[in-house]
Each structure stands twice: as C-alpha cells, then as structure tokens.
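A.B. asks: Input file: model.txt. Contents: compact mmCIF, C-alpha atoms.
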# COMPACT_ATOMS: atom_id res chain seq x y z
CA MET A 4 -46.34 -49.00 32.49
CA SER A 5 -49.70 -47.80 33.73
CA GLU A 6 -50.15 -44.19 34.80
CA PRO A 7 -50.34 -45.00 38.54
CA ASP A 8 -46.95 -46.75 38.28
CA LYS A 9 -45.29 -43.92 36.39
CA LEU A 10 -41.83 -43.13 37.74
CA PRO A 11 -41.25 -39.73 39.40
CA LYS A 12 -39.44 -37.15 37.34
CA VAL A 13 -35.96 -35.78 38.02
CA VAL A 14 -34.80 -32.92 35.81
CA ILE A 15 -31.31 -31.52 35.37
CA THR A 16 -31.73 -27.91 34.34
CA ASP A 17 -28.38 -27.08 32.74
CA LEU A 18 -24.72 -27.98 32.06
CA ILE A 19 -25.10 -31.77 32.13
CA THR A 20 -26.39 -33.41 28.96
CA GLU A 21 -26.80 -36.95 27.64
CA PRO A 22 -25.45 -39.49 28.28
CA LEU A 23 -26.63 -39.43 31.90
CA ASP A 24 -24.78 -42.61 32.87
CA TYR A 25 -23.77 -41.46 36.36
CA GLU A 26 -27.23 -40.22 37.33
CA ARG A 27 -28.99 -43.26 35.89
CA SER A 28 -26.59 -45.65 37.61
CA VAL A 29 -28.19 -44.39 40.85
CA LEU A 30 -31.73 -43.53 39.77
CA ASP A 31 -32.70 -46.16 37.18
CA GLY A 32 -35.87 -47.91 38.34
CA HIS A 33 -36.56 -45.10 40.79
CA ALA A 34 -37.00 -42.06 38.56
CA GLU A 35 -37.12 -40.82 35.00
CA VAL A 36 -34.09 -38.55 34.52
CA ASN A 37 -34.11 -35.79 31.90
CA ALA A 38 -31.46 -33.20 31.06
CA LEU A 39 -33.04 -29.98 29.79
CA ASP A 40 -29.78 -28.36 28.60
CA ALA A 41 -31.29 -24.92 29.27
CA MET A 42 -29.23 -21.77 28.84
CA SER A 43 -31.68 -19.45 30.61
CA GLU A 44 -34.30 -19.67 33.32
CA GLU A 45 -36.99 -18.78 30.79
CA ALA A 46 -36.22 -22.01 28.94
CA LEU A 47 -37.47 -23.99 31.95
CA VAL A 48 -41.07 -22.83 31.65
CA GLY A 49 -43.38 -25.80 31.05
CA ARG A 50 -40.57 -28.31 31.64
CA ILE A 51 -40.03 -28.45 35.41
CA GLU A 52 -43.45 -27.98 36.98
CA ASP A 53 -44.10 -31.69 37.58
CA ALA A 54 -40.53 -32.57 38.65
CA GLU A 55 -40.14 -34.19 42.06
CA VAL A 56 -36.44 -33.33 42.15
CA VAL A 57 -34.69 -30.51 40.29
CA MET A 58 -30.90 -30.59 39.91
CA VAL A 59 -29.50 -27.11 39.22
CA TYR A 60 -26.01 -26.16 38.06
CA HIS A 61 -24.81 -22.64 37.29
CA TYR A 62 -25.63 -21.27 33.84
CA PHE A 63 -28.33 -19.02 35.30
CA LYS A 64 -30.09 -18.09 38.54
CA PHE A 65 -32.85 -20.39 39.78
CA THR A 66 -35.19 -17.79 41.18
CA ARG A 67 -38.47 -17.53 43.03
CA ALA A 68 -40.32 -17.45 39.71
CA SER A 69 -39.20 -20.99 38.88
CA ILE A 70 -39.54 -22.29 42.43
CA GLU A 71 -43.13 -21.11 42.75
CA ARG A 72 -44.08 -23.10 39.64
CA LEU A 73 -42.93 -26.39 41.18
CA GLU A 74 -46.03 -28.45 42.01
CA ASN A 75 -44.67 -31.48 43.88
CA CYS A 76 -40.96 -30.93 44.36
CA LYS A 77 -39.26 -32.82 47.16
CA ALA A 78 -35.79 -31.26 46.77
CA ILE A 79 -33.72 -28.82 44.76
CA ILE A 80 -30.18 -30.13 44.47
CA ARG A 81 -27.06 -28.19 43.55
CA PRO A 82 -24.48 -30.86 42.59
CA GLY A 83 -21.63 -28.61 43.66
CA VAL A 84 -20.52 -26.50 46.59
CA GLY A 85 -21.87 -22.99 45.97
CA TYR A 86 -25.62 -22.48 46.13
CA ASP A 87 -25.82 -18.70 45.83
CA GLY A 88 -27.48 -19.12 42.42
CA ILE A 89 -30.61 -20.61 44.01
CA ASP A 90 -33.22 -18.55 45.88
CA CYS A 91 -32.98 -20.60 49.06
CA GLU A 92 -35.43 -18.37 50.93
CA ALA A 93 -38.13 -18.88 48.31
CA ALA A 94 -37.54 -22.63 48.44
CA ARG A 95 -37.77 -22.63 52.24
CA GLU A 96 -41.05 -20.71 52.11
CA LYS A 97 -42.43 -23.36 49.78
CA GLY A 98 -41.17 -26.16 52.01
CA ILE A 99 -38.56 -27.42 49.54
CA PRO A 100 -35.14 -28.33 50.92
CA VAL A 101 -32.12 -27.13 48.94
CA CYS A 102 -29.14 -29.48 49.10
CA ASN A 103 -25.59 -29.23 47.80
CA VAL A 104 -22.58 -31.53 47.37
CA PRO A 105 -20.02 -29.74 49.53
CA ASP A 106 -17.08 -32.15 49.46
CA TYR A 107 -16.46 -33.33 45.91
CA GLY A 108 -13.76 -30.76 45.01
CA THR A 109 -12.15 -30.23 48.41
CA GLU A 110 -8.71 -31.50 47.43
CA GLU A 111 -8.69 -29.93 43.98
CA VAL A 112 -9.62 -26.41 45.12
CA ALA A 113 -7.07 -26.58 47.94
CA ASP A 114 -4.42 -27.83 45.51
CA SER A 115 -5.27 -25.04 43.06
CA ALA A 116 -5.07 -22.37 45.76
CA ILE A 117 -1.69 -23.61 46.93
CA GLY A 118 -0.49 -23.93 43.34
CA MET A 119 -1.44 -20.33 42.61
CA ALA A 120 0.09 -19.14 45.88
CA LEU A 121 3.42 -20.85 45.28
CA SER A 122 3.60 -19.77 41.64
CA LEU A 123 3.05 -16.16 42.65
CA ALA A 124 5.17 -16.01 45.80
CA ARG A 125 8.14 -17.82 44.24
CA GLY A 126 8.12 -15.48 41.22
CA THR A 127 7.40 -18.36 38.84
CA HIS A 128 4.36 -16.78 37.18
CA PHE A 129 5.96 -13.34 37.00
CA LEU A 130 9.14 -14.59 35.34
CA ASN A 131 7.33 -16.91 32.95
CA SER A 132 5.06 -14.08 31.85
CA ARG A 133 7.95 -11.74 31.14
CA LEU A 134 10.31 -14.25 29.54
CA LYS A 135 7.56 -15.40 27.18
CA ARG A 136 7.46 -11.97 25.58
CA GLY A 137 11.20 -11.26 25.81
CA VAL A 138 11.18 -8.73 28.63
CA GLY A 139 14.10 -8.48 31.05
CA GLU A 140 17.37 -10.34 31.37
CA TRP A 141 17.70 -14.13 31.64
CA ASN A 142 18.02 -14.06 35.42
CA VAL A 143 16.06 -13.56 38.61
CA ASP A 144 16.87 -9.88 39.10
CA GLN A 145 13.62 -8.61 37.59
CA ALA A 146 11.60 -10.65 40.12
CA ALA A 147 13.66 -9.79 43.17
CA PRO A 148 13.19 -9.61 46.07
CA ILE A 149 11.74 -13.09 46.57
CA SER A 150 11.28 -14.09 50.19
CA ARG A 151 11.76 -17.51 51.74
CA LEU A 152 8.31 -18.97 52.37
CA ARG A 153 9.07 -20.94 55.54
CA GLY A 154 7.76 -18.99 58.51
CA ARG A 155 5.73 -16.55 56.42
CA VAL A 156 2.09 -16.10 57.44
CA PHE A 157 -0.45 -17.86 55.23
CA GLY A 158 -3.91 -16.48 56.07
CA VAL A 159 -6.97 -18.62 55.41
CA VAL A 160 -10.35 -16.87 55.27
CA GLY A 161 -12.94 -19.56 56.02
CA CYS A 162 -11.65 -22.79 57.52
CA GLY A 163 -14.30 -25.27 56.38
CA ARG A 164 -13.54 -28.35 54.31
CA ILE A 165 -11.52 -26.59 51.61
CA GLY A 166 -9.99 -24.02 53.94
CA THR A 167 -8.81 -26.80 56.23
CA ALA A 168 -7.32 -28.72 53.31
CA ALA A 169 -5.52 -25.58 52.13
CA ALA A 170 -4.29 -24.83 55.66
CA LEU A 171 -2.80 -28.30 56.04
CA ARG A 172 -1.08 -28.04 52.67
CA ALA A 173 0.32 -24.62 53.54
CA LYS A 174 1.49 -25.96 56.89
CA ALA A 175 3.37 -28.74 55.08
CA PHE A 176 5.27 -26.08 53.12
CA GLY A 177 6.41 -24.48 56.36
CA PHE A 178 4.03 -21.52 56.40
CA ASP A 179 2.83 -20.09 59.71
CA VAL A 180 -0.87 -20.72 59.07
CA LEU A 181 -3.48 -18.34 60.43
CA PHE A 182 -7.24 -18.52 59.95
CA TYR A 183 -10.34 -16.44 60.46
CA ASP A 184 -13.73 -18.14 60.72
CA PRO A 185 -16.26 -16.88 63.27
CA PHE A 186 -18.53 -19.88 62.75
CA LEU A 187 -16.17 -22.60 63.95
CA PRO A 188 -16.13 -23.84 67.56
CA ASP A 189 -13.17 -23.33 69.85
CA GLY A 190 -10.41 -25.87 69.51
CA VAL A 191 -10.21 -26.17 65.73
CA ASP A 192 -6.91 -24.31 65.83
CA LYS A 193 -5.55 -26.81 68.36
CA ALA A 194 -6.76 -29.81 66.39
CA LEU A 195 -5.10 -28.56 63.20
CA GLY A 196 -2.01 -27.07 64.81
CA ILE A 197 -2.58 -23.62 63.31
CA ARG A 198 -3.38 -20.17 64.72
CA ARG A 199 -6.73 -18.41 64.96
CA VAL A 200 -7.62 -14.71 64.91
CA ASP A 201 -10.88 -13.06 65.90
CA SER A 202 -11.24 -10.61 63.02
CA LEU A 203 -10.63 -10.41 59.31
CA ALA A 204 -8.70 -7.18 59.81
CA GLU A 205 -6.27 -8.94 62.14
CA LEU A 206 -5.71 -11.72 59.62
CA LEU A 207 -5.13 -9.29 56.77
CA ARG A 208 -2.64 -7.22 58.76
CA GLN A 209 -0.50 -10.27 59.56
CA SER A 210 -0.64 -12.24 56.32
CA PHE A 211 2.06 -12.46 53.69
CA LEU A 212 -0.40 -14.48 51.63
CA VAL A 213 -4.22 -14.55 51.93
CA SER A 214 -6.31 -17.39 50.50
CA VAL A 215 -10.11 -17.06 50.43
CA HIS A 216 -12.22 -20.17 51.16
CA CYS A 217 -15.62 -19.01 52.43
CA PRO A 218 -19.03 -19.29 50.74
CA LEU A 219 -20.73 -16.32 49.13
CA THR A 220 -23.48 -15.14 51.48
CA GLY A 221 -25.03 -11.86 52.50
CA ASP A 222 -22.30 -11.54 55.13
CA THR A 223 -19.36 -12.33 52.84
CA ARG A 224 -20.40 -10.47 49.70
CA ASP A 225 -17.85 -7.69 49.02
CA MET A 226 -16.02 -8.74 52.18
CA ILE A 227 -12.60 -7.93 50.73
CA GLY A 228 -12.54 -4.56 49.00
CA PRO A 229 -10.14 -1.62 48.74
CA GLU A 230 -10.09 -0.90 52.49
CA GLU A 231 -9.42 -4.52 53.39
CA ILE A 232 -6.68 -4.94 50.77
CA ALA A 233 -5.06 -1.78 52.08
CA LYS A 234 -4.69 -3.50 55.47
CA MET A 235 -2.51 -6.23 53.94
CA PRO A 236 1.26 -5.67 54.12
CA ALA A 237 2.89 -4.07 51.10
CA GLY A 238 4.24 -6.78 48.81
CA SER A 239 1.74 -9.43 49.92
CA PHE A 240 -0.32 -11.83 47.80
CA LEU A 241 -4.03 -12.64 47.47
CA VAL A 242 -5.63 -15.82 46.07
CA ASN A 243 -9.36 -16.32 45.54
CA THR A 244 -10.70 -19.74 44.57
CA ALA A 245 -14.01 -19.34 46.45
CA ARG A 246 -16.57 -17.02 44.83
CA GLY A 247 -16.03 -13.84 42.83
CA GLY A 248 -18.51 -11.76 44.79
CA ILE A 249 -16.44 -12.07 47.97
CA VAL A 250 -13.49 -10.10 46.59
CA ASP A 251 -13.63 -6.81 44.70
CA THR A 252 -11.57 -7.83 41.68
CA ALA A 253 -11.22 -4.25 40.42
CA ALA A 254 -9.67 -3.34 43.79
CA VAL A 255 -7.25 -6.26 43.40
CA VAL A 256 -6.14 -5.00 39.99
CA SER A 257 -5.74 -1.49 41.39
CA ALA A 258 -3.58 -2.81 44.25
CA LEU A 259 -1.43 -4.74 41.77
CA GLU A 260 -1.11 -1.63 39.63
CA SER A 261 0.05 0.46 42.57
CA GLY A 262 2.45 -2.24 43.76
CA HIS A 263 0.72 -2.71 47.10
CA LEU A 264 -0.03 -6.33 46.16
CA ALA A 265 2.88 -8.25 44.68
CA GLY A 266 0.60 -10.78 43.02
CA ALA A 267 -2.91 -12.17 42.84
CA GLY A 268 -4.41 -15.48 41.76
CA ILE A 269 -8.03 -15.19 40.65
CA ASP A 270 -10.06 -18.29 39.76
CA VAL A 271 -13.51 -16.74 40.28
CA LEU A 272 -15.05 -13.45 39.19
CA GLU A 273 -18.13 -11.42 40.07
CA LYS A 274 -19.53 -12.13 36.59
CA GLU A 275 -18.49 -15.23 34.65
CA PRO A 276 -17.43 -14.95 31.94
CA PRO A 277 -16.49 -11.30 32.52
CA PRO A 278 -17.48 -8.59 30.05
CA GLU A 279 -14.81 -7.86 27.44
CA ASP A 280 -14.17 -4.39 28.86
CA SER A 281 -13.75 -5.59 32.46
CA VAL A 282 -10.82 -4.27 34.46
CA VAL A 283 -9.44 -7.74 35.12
CA LEU A 284 -9.48 -8.84 31.47
CA THR A 285 -7.89 -5.58 30.40
CA ALA A 286 -5.01 -6.02 32.85
CA TRP A 287 -4.59 -9.72 32.10
CA ARG A 288 -4.49 -9.27 28.32
CA ASP A 289 -2.42 -6.10 28.08
CA PRO A 290 1.31 -6.80 28.55
CA ASP A 291 1.89 -3.09 29.11
CA HIS A 292 -0.53 -2.94 32.04
CA PRO A 293 1.34 -2.64 35.38
CA ALA A 294 -0.67 -5.54 36.83
CA HIS A 295 -0.22 -7.88 33.86
CA ASP A 296 2.76 -9.95 34.99
CA ARG A 297 1.49 -10.26 38.55
CA LEU A 298 -2.05 -11.44 37.76
CA LEU A 299 -2.79 -15.16 37.43
CA LEU A 300 -6.29 -15.71 36.03
CA ASN A 301 -8.24 -18.96 35.61
CA PRO A 302 -11.85 -19.47 34.36
CA HIS A 303 -13.43 -20.93 37.53
CA THR A 304 -11.63 -24.25 37.16
CA ALA A 305 -10.05 -24.82 40.57
CA PHE A 306 -12.67 -27.48 41.35
CA TYR A 307 -12.03 -29.56 38.26
CA CYS A 308 -10.75 -33.09 37.89
CA GLU A 309 -12.27 -36.06 36.10
CA GLU A 310 -12.85 -37.99 39.31
CA GLY A 311 -14.49 -34.98 40.95
CA CYS A 312 -16.96 -34.55 38.11
CA GLU A 313 -18.03 -38.16 38.47
CA GLU A 314 -18.29 -37.68 42.22
CA PHE A 315 -20.56 -34.61 42.21
CA ARG A 316 -22.90 -36.19 39.68
CA ILE A 317 -23.21 -39.46 41.60
CA LYS A 318 -23.57 -37.74 44.99
CA GLY A 319 -26.17 -35.36 43.58
CA ALA A 320 -28.14 -38.34 42.27
CA GLN A 321 -27.84 -40.13 45.61
CA GLU A 322 -29.28 -37.09 47.37
CA ALA A 323 -32.12 -37.07 44.83
CA LEU A 324 -32.81 -40.72 45.60
CA ARG A 325 -32.97 -40.00 49.33
CA ALA A 326 -35.46 -37.20 48.64
CA LEU A 327 -37.64 -39.45 46.49
CA HIS A 328 -37.68 -42.14 49.18
CA GLY A 329 -38.40 -39.69 52.00
CA GLU A 330 -35.09 -40.46 53.70
CA PRO A 331 -33.08 -37.93 55.72
CA LEU A 332 -31.12 -35.62 53.44
CA ARG A 333 -27.37 -35.22 53.91
CA ASN A 334 -26.61 -31.62 52.99
CA VAL A 335 -29.58 -29.27 53.42
CA VAL A 336 -28.43 -25.65 53.16
CA ASN A 337 -31.73 -23.76 53.68
Please go through the file and, once you have read it, give me the structure as structure tokens.
C.D. replies:
Amino acid sequence: MSEPDKLPKVVITDLITEPLDYERSVLDGHAEVNALDAMSEEALVGRIEDAEVVMVYHYFKFTRASIERLENCKAIIRPGVGYDGIDCEAAREKGIPVCNVPDYGTEEVADSAIGMALSLARGTHFLNSRLKRGVGEWNVDQAAPISRLRGRVFGVVGCGRIGTAAALRAKAFGFDVLFYDPFLPDGVDKALGIRRVDSLAELLRQSFLVSVHCPLTGDTRDMIGPEEIAKMPAGSFLVNTARGGIVDTAAVVSALESGHLAGAGIDVLEKEPPPEDSVVLTAWRDPDHPAHDRLLLNPHTAFYCEEGCEEFRIKGAQEALRALHGEPLRNVVN
C-alpha cells in the first residue's frame, strides 16, 4: 500500500490486548488497530502521537500531557461508562471530543447493586460470614432483627440508565423506591412509578437502603461522607457500585463499626486496588473487626459479564469508525 493510501491509526492504550477480533470486526479496512498494553501514561510516549483515534481504559490517568501530544486525533474514546480518568477539559481545549459507552453494563450493575442490597438486608452475607468461621449458633438469632423488605424505602442516588434499572428492580421486590437526581426533567417519577425528592439529605433521611448510581464529577466527589451517612436511619444499608470517589469508604467502615449502618456493599473504591493498610481492607480481612461481617466487598466487578465485554469493545470501535468517517458521534461527554 502506498503512503498516501495508508490506513489511519487507532490505538488502544491499556487493558485490551491481542487478539483484537471485536475491534477489527468493525475497523478492518478502515483503520490499523494496535493495542499498546501500557501500564502507565509514560509508556505511551512516542506511540500515540499520530493516532487518529485513541481508546482509553482505566489502568492510569490520560492527562493533558498525553492529549497535547496528539497531532491529528479525531476522538478519544472510553469504552466504558466512567470517564473521570480522562482530562476532558484538556481534550475540549484541543478540539478533541471524548466519547464513552454508557449503556453496555446497565443491567449487570443494576443486578449487582440489587444482589448486594438483598444479601445485606436479608442477613444472608452476615450469617454466611459468621457461620464460615464457626461463630454463633446455627440459627437466625445472631442476625436479628431482620425487617421485611416490602414497603421499605430504597433510595437511588442518580436515576440515569443504571439508576433507573436498579429502581425498577427494587420496585419489583416491593420496595418504596425514592430517587434524587437534580439533572432529570419533571415527570420521570411519574413515568417510572417511583417517588422523587429534591435533596440528597431528604433521600438519606428516609431511606432504609441507599444505592449510589451517579457519575464521579466535581459535584459528586465526596458527596457521601460522615455527615451524610449520619443522616441515614440507624440500622440502614449503603451500596456503592458507581465510583469510589463519591463515597467516603473510611466513613462507611466507621459507621459499620459503630453500628449506625447495618451493612454496606462496596464494589468501587477511591483507589483501586486499595493500599494494603487501607481501612476497608483491614475491616474486610480481620474477622475480629466490628465491621467485618457487615461489609461486602468486590473488586470493581459489578459491570462484568461476557456479553457486556463484547458489547463495550464493539460499541467503542463503532464510535471510532464514526469519528474516522466524520459522522456524528453518539456519546460525546465533553
């Protein structure tokens, strides 16, 4: 192929490695696709400058330093929901759209949130944790009181795609579903048959169980800390499958330790993986810690299923193809 006919270059910075069957099923004949398998931003130097599309995952931050080196980039694509790892402002200043794939894991994250919520509120996780190490009698007494879930308030923070899916699932279990989302138009509550509140504080005060489903932004970072958790009723539950930076995990552990929270399901942390001396790992690993039996911890896996992985890779490649062809982009976030 002569130089003038050379295909444009699409690079995948991290996480995804050969074989690139899903990406090439979309981009073959339109672009050369390369996976860099980088473990740090520094490893990108000299390898991305001529890329027309950059696909970024989550092993490291994609900062202004990398963005400013891009010479002819038509789009930066995050084949996933969260884009807080990309300097969107720097990309906007350089005229590069940042796009995500916001819908691939909607069902899975909602399912995971409900699964955590039910396991905690029904005492399943607590009893399993204690029985496994031979603590307590072979009966329900050590987990009592356990409340009937029907009619209890299930509070959803952020009622977008995933929050809506979680709300509908909770509604099917008989929860009285409440949501807080200042960015949604009037009438969403009526369309879904759930209740709306005008402040996070109001939601927290009413909720037996709170499930977090908003993106991590400047407005939502550290949104739920010690003061907010203190507003929740004693004996309530908190589940976070959104982003770690939204919830102060140390405050969650403290509330479990004091007994204010009866349980917490944490799929996401402020730093992933967490340092070995982190408060959450200490509580989760130490069976003598007061929070141990009431803490359900997962390694940022709520999104995962085989079909979803195929979906985010194909949809990310389709967005790249639209960028290369100068077509309207579907999910620009900056």
A.B. asks: Rank nothing, just name the residue among A:Ile51, A:Arg67, A:Asn103, A:Pro277 nearest to Gln321 in chain A, using all atoms listed in the file.
C.D. replies: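 That would be A:Asn103, the residue with the smallest distance to Gln321 in chain A.
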A.B. asks: Calculate how many Å separate CA of Ala113 in chain A from CA of Asp179 in chain A, rounding to one decimal.
C.D. replies: 16.7 Å
A.B. asks: For range 29-46 of chain A, find every residue with an atom within 7 Å (counting all atoms listed in the file), except residues of its own chain fewer than 6 positions away, and show them as a PyMOL selection string.
C.D. replies: chain A and resi 10-21+62-65+320-321+324
A.B. asks: Taking only C-alpha atoms into account, name the residue in A:Asn334, A:Leu212, A:Pro290, A:Lys97 that is nearest to Lys77 in chain A.
C.D. replies: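 Smallest separation from Lys77 in chain A among the options: A:Lys97.
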A.B. asks: Could I get the residues of range 109-130 of chain A with an atom no further than 8 Å from an atom of range 148-156 of chain A, each paired with its nearest atom pair and that distance in Å to one decimal, using all atoms listed in the file, sorted by chain and residue number, as JSON lines?
C.D. replies:
{"residue": "A:Ala124", "atom": "CA", "partner": "A:Ile149", "partner_atom": "CA", "distance": 7.2}
{"residue": "A:Arg125", "atom": "CA", "partner": "A:Ile149", "partner_atom": "CA", "distance": 6.4}
{"residue": "A:Gly126", "atom": "CA", "partner": "A:Ile149", "partner_atom": "CA", "distance": 6.9}
A.B. asks: Rank A:Val138, A:Leu299, A:Ala78, A:Cys308 by their smallest atom-to-atom distance to Val271 in chain A, using only C-alpha atoms, and report the top residue only.
C.D. replies: A:Leu299
A.B. asks: Quick check, in Å to one decimal: how far apart do CA of Ile89 in chain A and CA of Val57 in chain A lie?
C.D. replies: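 Distance reported for this atom pair: 11.3 Å.
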A.B. asks: What is the distance between CA of His263 in chain A and CA of Pro236 in chain A, in Å to one decimal?
C.D. replies: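 Those two atoms sit 7.6 Å apart.
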A.B. asks: Compile the contact shell of range 161-169 of chain A as a VMD selection string: residues with an atom at most 8 Å away, counting all atoms listed in the file, same-chain residues fewer than 6 positions apart removed.
C.D. replies: chain A and resid 106 109 to 110 112 to 114 116 to 117 182 to 184 187 215 to 217
A.B. asks: Around the point (-9.9, -8.1, 40.3) in the file's coordinates, collect all residues with an atom within 8 Å, using only C-alpha atoms, and return them as a ChimeraX atom specification.
C.D. replies: /A:250-257,269,272,282-283
A.B. asks: Using all atoms listed in the file for the distances, tell me which of A:Ser132, A:Pro105, A:Gly49, A:Ala323 is nearest to Asp291 in chain A.
C.D. replies: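 Looking only at the distances to Asp291 in chain A, the closest residue turns out to be A:Ser132.
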A.B. asks: Pick from A:Leu298, A:Cys312, A:Leu206, A:Val336: nearest to Glu111 in chain A, with only C-alpha atoms counted?
C.D. replies: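 The closest residue to Glu111 in chain A is A:Cys312.
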A.B. asks: Counting only C-alpha atoms, which residues sit no farther than 12 Å from the position (5.4, -18.4, 37.3) in the file's frame? I'd like them as number ranges by chain.
C.D. replies: A: 118-135, 143, 146, 266-268, 296-299
A.B. asks: So, with all atoms listed in the file as the atoms that count, which of A:Glu71, A:Tyr107, A:Gln209, A:Gly329 lies closest to Cys91 in chain A?
C.D. replies: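 Ranked by minimum distance to Cys91 in chain A, first place goes to A:Glu71.
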A.B. asks: Please identify all polymer residues within 7 Å of range 22-28 of chain A, counting only C-alpha atoms, omitting same-chain residues fewer than 6 positions from it, and present them as JSON, numbers by chain.
C.D. replies: {"A": [313, 316, 317, 320]}
A.B. asks: Got a minute to add N, CA and C atoms to range 211-224 of chain A and dump it as a PDB file, keeping the file's coordinate frame?
C.D. replies:
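The new file selection.pdb reads:
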ATOM      1  N   PHE A 211       1.235 -12.605  54.884  1.00  0.00           N
ATOM      2  CA  PHE A 211       2.060 -12.460  53.690  1.00  0.00           C
ATOM      3  C   PHE A 211       1.276 -12.937  52.468  1.00  0.00           C
ATOM      4  N   LEU A 212       0.422 -13.920  52.693  1.00  0.00           N
ATOM      5  CA  LEU A 212      -0.400 -14.480  51.630  1.00  0.00           C
ATOM      6  C   LEU A 212      -1.783 -14.794  52.181  1.00  0.00           C
ATOM      7  N   VAL A 213      -2.831 -14.318  51.507  1.00  0.00           N
ATOM      8  CA  VAL A 213      -4.220 -14.550  51.930  1.00  0.00           C
ATOM      9  C   VAL A 213      -4.906 -15.436  50.898  1.00  0.00           C
ATOM     10  N   SER A 214      -5.556 -16.495  51.378  1.00  0.00           N
ATOM     11  CA  SER A 214      -6.310 -17.390  50.500  1.00  0.00           C
ATOM     12  C   SER A 214      -7.757 -17.459  50.983  1.00  0.00           C
ATOM     13  N   VAL A 215      -8.697 -17.190  50.071  1.00  0.00           N
ATOM     14  CA  VAL A 215     -10.110 -17.060  50.430  1.00  0.00           C
ATOM     15  C   VAL A 215     -10.832 -18.388  50.197  1.00  0.00           C
ATOM     16  N   HIS A 216     -11.542 -18.871  51.236  1.00  0.00           N
ATOM     17  CA  HIS A 216     -12.220 -20.170  51.160  1.00  0.00           C
ATOM     18  C   HIS A 216     -13.576 -20.171  51.853  1.00  0.00           C
ATOM     19  N   CYS A 217     -14.300 -19.061  51.796  1.00  0.00           N
ATOM     20  CA  CYS A 217     -15.620 -19.010  52.430  1.00  0.00           C
ATOM     21  C   CYS A 217     -16.708 -18.989  51.360  1.00  0.00           C
ATOM     22  N   PRO A 218     -17.941 -19.350  51.715  1.00  0.00           N
ATOM     23  CA  PRO A 218     -19.030 -19.290  50.740  1.00  0.00           C
ATOM     24  C   PRO A 218     -19.470 -17.854  50.508  1.00  0.00           C
ATOM     25  N   LEU A 219     -20.168 -17.632  49.408  1.00  0.00           N
ATOM     26  CA  LEU A 219     -20.730 -16.320  49.130  1.00  0.00           C
ATOM     27  C   LEU A 219     -22.112 -16.225  49.773  1.00  0.00           C
ATOM     28  N   THR A 220     -22.226 -15.361  50.773  1.00  0.00           N
ATOM     29  CA  THR A 220     -23.480 -15.140  51.480  1.00  0.00           C
ATOM     30  C   THR A 220     -23.701 -13.636  51.614  1.00  0.00           C
ATOM     31  N   GLY A 221     -24.796 -13.273  52.241  1.00  0.00           N
ATOM     32  CA  GLY A 221     -25.030 -11.860  52.500  1.00  0.00           C
ATOM     33  C   GLY A 221     -23.931 -11.244  53.356  1.00  0.00           C
ATOM     34  N   ASP A 222     -23.360 -12.047  54.240  1.00  0.00           N
ATOM     35  CA  ASP A 222     -22.300 -11.540  55.130  1.00  0.00           C
ATOM     36  C   ASP A 222     -20.950 -11.444  54.434  1.00  0.00           C
ATOM     37  N   THR A 223     -20.693 -12.314  53.458  1.00  0.00           N
ATOM     38  CA  THR A 223     -19.360 -12.330  52.840  1.00  0.00           C
ATOM     39  C   THR A 223     -19.293 -11.590  51.513  1.00  0.00           C
ATOM     40  N   ARG A 224     -20.432 -11.203  50.962  1.00  0.00           N
ATOM     41  CA  ARG A 224     -20.400 -10.470  49.700  1.00  0.00           C
ATOM     42  C   ARG A 224     -19.628  -9.159  49.876  1.00  0.00           C
TER      43      ARG A 224
END
